[in-house]
Amino acid sequence: MSWDKAPIDLSTIKTLNDDSGRSKGRMATYREAIREALYLALKEDKRAFIFGEGVDDAGGVFGTTLDLHKEFGRERVFDTPLCENTLTGIAIGSSLGGLRPVLVHMRTDFMLLTMDQLINHAAKWKYMFGGKVSVPMVVRAIIGGGWGSAAQHSQPIQALFTHVPGLKVVMPSCAYDAKGLLLSSIAGDSPVIFIEHRWLYDHKEAVPKEAYFVPLGKAVLRREGRDLTVIADSFMVTLAQEAAMRLGKDGIDIEVLDLRTVRPLDHDLILASVKKTGRALVLDFGYKFGGISSEISSFLMESAFKYLKSPVRRLTLPDTPTPCSPALEKAYYPDTDRVVLEAKKLLRAD
């Protein structure tokens, strides 16, 4: 397919992609960037198709699939009933048959109904058949509450998928990466869980109109610093960058590392950054116990203990179900103030 020849943007690997570069060129929102990636995949690869609840309705899954069915037909962009386990089986079967399915869930919560298909089948087929088959499928799902969607529609369960060998898990924090990572996910040969954050859909930055690939498994430094490394994923990168700007006014120089994919992790860049600063604060929009922040903390204890000037700290969502009450939700989700506080606590721990 011709879009296989789209360039891999090596400039985004282990280099800065800070605000100066993100405000130049054609601007697009996170939701527009995702739609563009889907449009390009459908246009350039006849094997690609998109399905899931609401993909062809008036809202188009927060605008990310808006009117794609009008351009490519309902044979390739179509709504489905609520039968998640069966739909995942269709995605696996069609990918084994040579197609490139993109299955969309409005919420990660709904994916709990698909775990047998994902874990016992999609993740394992390539291994069980000695690499003779692959499962090139993408499962999109959305996290982020804030509107009273509560305990069964706001669960940040991305860590469940990172636990399974054979699955890749992507969590873009910006529009540029959302487009490039989604194109890489669709073009790749692995089952990919693509986790979008609802609060990022209106974020805007420079996004090339043409196709490009951002490689999976490669983190990026959003900001260089000397005093502390903040390692973050998804919306937490936004909080990290805001906190870094505020702390900079107090003379505290924060380095911000955006994971971009949480499986595989970019261990090399994490290690290099923490070796330089000697301190690590891990931010994850998920639970602390057994979560992504736990994995990164363990990795740093095993690989960077002698470089650490103070213990690793973590800031995550509380280990409780998501509340429905607006007042409790406000207390439940971390904000920039919390990141600033945790960073100062870590620096005082020397």
# chains A, B, ... in the order shown; residues from 1 in each chain; ligands from 1
call {"tool": "residues_around", "arguments": {"residues": "Tyr201 of chain A", "least_positions_apart": "3", "cutoff": "9 Å", "atoms": "only C-alpha atoms", "output": "list in words"}}
result
Thr29, Tyr30, Arg31, Glu32, Phe62, Gly63, Thr64, Cys174, Ala175, Glu196, His197, Arg198 and Lys204 of chain A
call {"tool": "closest_atom_pairs", "arguments": {"of": "segment 59-107 of chain A", "to": "segment 118-131 of chain A", "cutoff": "12 Å", "atoms": "only C-alpha atoms", "output": "tab-separated table"}}
result
residue	atom	partner	partner_atom	distance
A:Glu84	CA	A:Leu118	CA	10.9
A:Asn85	CA	A:Leu118	CA	8.9
A:Thr86	CA	A:Leu118	CA	11.1
A:Leu87	CA	A:Leu118	CA	11.0
A:Thr88	CA	A:Leu118	CA	7.3
A:Gly89	CA	A:Leu118	CA	8.5
A:Ile90	CA	A:Ala122	CA	10.9
A:Ala91	CA	A:Ala122	CA	9.1
A:Ile92	CA	A:Ala122	CA	6.1
A:Gly93	CA	A:Ala122	CA	9.2
A:Ser94	CA	A:Ala122	CA	11.4
A:Ser95	CA	A:Ala122	CA	9.6
A:Leu96	CA	A:Trp125	CA	9.2
call {"tool": "atom_distance", "arguments": {"atom1": "atom CA of Val139 of chain A", "atom2": "atom CA of Arg222 of chain A"}}
result
26.6 Å
call {"tool": "closest_residue", "arguments": {"among": "A:Leu347, A:Ile254, A:Ile231, A:Val237", "to": "His267 of chain A", "atoms": "only C-alpha atoms"}}
result
A:Ile231
call {"tool": "residues_around", "arguments": {"residues": "Pro156 of chain A", "least_positions_apart": "3", "cutoff": "8 Å", "atoms": "only C-alpha atoms", "output": "ChimeraX atom specification"}}
result
/A:108,143-144,159,285-287
call {"tool": "closest_residue", "arguments": {"among": "A:Met27, A:Ala58, A:Leu239, A:Leu42", "to": "Glu75 of chain A", "atoms": "only C-alpha atoms"}}
result
A:Leu42
call {"tool": "residues_around", "arguments": {"residues": "Ser154 of chain A", "least_positions_apart": "4", "cutoff": "10 Å", "atoms": "only C-alpha atoms", "output": "VMD selection string"}}
result
chain A and resid 107 to 109 142 to 150 321 to 324
call {"tool": "closest_residue", "arguments": {"among": "A:Gln117, A:Thr336, A:Met111, A:Phe194", "to": "Lys179 of chain A", "atoms": "only C-alpha atoms"}}
result
A:Phe194
call {"tool": "select_by_dssp", "arguments": {"residues": "segment 95-170 of chain A", "states": "alpha helix (DSSP H)", "output": "PDB file with N, CA and C atoms, in the first residue's frame"}}
result
ATOM      1  N   SER A  95      -8.739  -9.839  10.504  1.00  0.00           N
ATOM      2  CA  SER A  95      -7.310  -9.528  10.415  1.00  0.00           C
ATOM      3  C   SER A  95      -6.509 -10.767  10.018  1.00  0.00           C
ATOM      4  N   LEU A  96      -6.906 -11.919  10.531  1.00  0.00           N
ATOM      5  CA  LEU A  96      -6.239 -13.164  10.108  1.00  0.00           C
ATOM      6  C   LEU A  96      -6.466 -13.432   8.624  1.00  0.00           C
ATOM      7  N   MET A 115     -12.387  -9.404  26.907  1.00  0.00           N
ATOM      8  CA  MET A 115     -11.069  -9.815  27.378  1.00  0.00           C
ATOM      9  C   MET A 115     -10.681 -11.217  26.905  1.00  0.00           C
ATOM     10  N   TRP A 125      -2.030 -15.389  18.961  1.00  0.00           N
ATOM     11  CA  TRP A 125      -2.010 -16.155  17.711  1.00  0.00           C
ATOM     12  C   TRP A 125      -0.626 -16.193  17.070  1.00  0.00           C
ATOM     13  N   LYS A 126       0.041 -15.065  17.032  1.00  0.00           N
ATOM     14  CA  LYS A 126       1.358 -15.027  16.370  1.00  0.00           C
ATOM     15  C   LYS A 126       2.335 -15.953  17.085  1.00  0.00           C
ATOM     16  N   TYR A 127       2.331 -15.935  18.418  1.00  0.00           N
ATOM     17  CA  TYR A 127       3.232 -16.790  19.190  1.00  0.00           C
ATOM     18  C   TYR A 127       2.876 -18.261  19.021  1.00  0.00           C
ATOM     19  N   MET A 128       1.613 -18.578  19.103  1.00  0.00           N
ATOM     20  CA  MET A 128       1.183 -19.975  19.072  1.00  0.00           C
ATOM     21  C   MET A 128       1.408 -20.623  17.715  1.00  0.00           C
ATOM     22  N   GLN A 158      -6.254   0.963  31.459  1.00  0.00           N
ATOM     23  CA  GLN A 158      -5.234   0.684  30.447  1.00  0.00           C
ATOM     24  C   GLN A 158      -4.172  -0.293  30.931  1.00  0.00           C
ATOM     25  N   ALA A 159      -3.885  -0.269  32.253  1.00  0.00           N
ATOM     26  CA  ALA A 159      -2.845  -1.153  32.768  1.00  0.00           C
ATOM     27  C   ALA A 159      -3.188  -2.624  32.589  1.00  0.00           C
ATOM     28  N   LEU A 160      -4.501  -2.959  32.551  1.00  0.00           N
ATOM     29  CA  LEU A 160      -4.886  -4.361  32.332  1.00  0.00           C
ATOM     30  C   LEU A 160      -4.296  -4.882  31.030  1.00  0.00           C
ATOM     31  N   PHE A 161      -4.305  -4.055  30.013  1.00  0.00           N
ATOM     32  CA  PHE A 161      -3.845  -4.497  28.695  1.00  0.00           C
ATOM     33  C   PHE A 161      -2.317  -4.549  28.618  1.00  0.00           C
ATOM     34  N   THR A 162      -1.653  -3.672  29.383  1.00  0.00           N
ATOM     35  CA  THR A 162      -0.178  -3.694  29.357  1.00  0.00           C
ATOM     36  C   THR A 162       0.353  -4.968  29.994  1.00  0.00           C
TER      37      THR A 162
END
call {"tool": "residues_around", "arguments": {"residues": "Ile195 of chain A", "least_positions_apart": "4", "cutoff": "6 Å", "atoms": "only C-alpha atoms", "output": "count of residues only"}}
result
4
call {"tool": "atom_distance", "arguments": {"atom1": "atom CA of Val164 of chain A", "atom2": "atom CA of Thr261 of chain A"}}
result
14.3 Å
call {"tool": "closest_residue", "arguments": {"among": "A:Gly217, A:Pro165, A:Pro136, A:Pro172", "to": "Ala187 of chain A", "atoms": "only C-alpha atoms"}}
result
A:Pro136
call {"tool": "residues_around", "arguments": {"residues": "Ala48 of chain A", "least_positions_apart": "5", "cutoff": "7 Å", "atoms": "only C-alpha atoms", "output": "number ranges by chain"}}
result
A: 41-42, 99-101
call {"tool": "write_last_selection", "arguments": {"atoms": "N, CA, C and O atoms", "output": "short mmCIF file (atom, residue, chain, number, x, y, z; two decimals), in the first residue's frame"}}
result
data_model
loop_
_atom_site.label_atom_id
_atom_site.label_comp_id
_atom_site.auth_asym_id
_atom_site.auth_seq_id
_atom_site.Cartn_x
_atom_site.Cartn_y
_atom_site.Cartn_z
N ALA A 41 -6.10 6.09 6.12
CA ALA A 41 -6.03 4.63 6.11
C ALA A 41 -7.08 4.04 5.17
O ALA A 41 -6.80 3.13 4.38
N LEU A 42 -8.31 4.57 5.24
CA LEU A 42 -9.38 4.08 4.36
C LEU A 42 -9.10 4.39 2.90
O LEU A 42 -9.38 3.58 2.01
N LEU A 99 -7.39 -8.48 6.38
CA LEU A 99 -7.95 -7.13 6.45
C LEU A 99 -7.29 -6.33 7.58
O LEU A 99 -6.49 -6.86 8.36
N ARG A 100 -7.64 -5.05 7.67
CA ARG A 100 -7.08 -4.15 8.68
C ARG A 100 -8.22 -3.50 9.47
O ARG A 100 -8.59 -2.35 9.22
N PRO A 101 -8.81 -4.21 10.40
CA PRO A 101 -9.97 -3.66 11.14
C PRO A 101 -9.57 -2.64 12.19
O PRO A 101 -8.52 -2.75 12.84
#
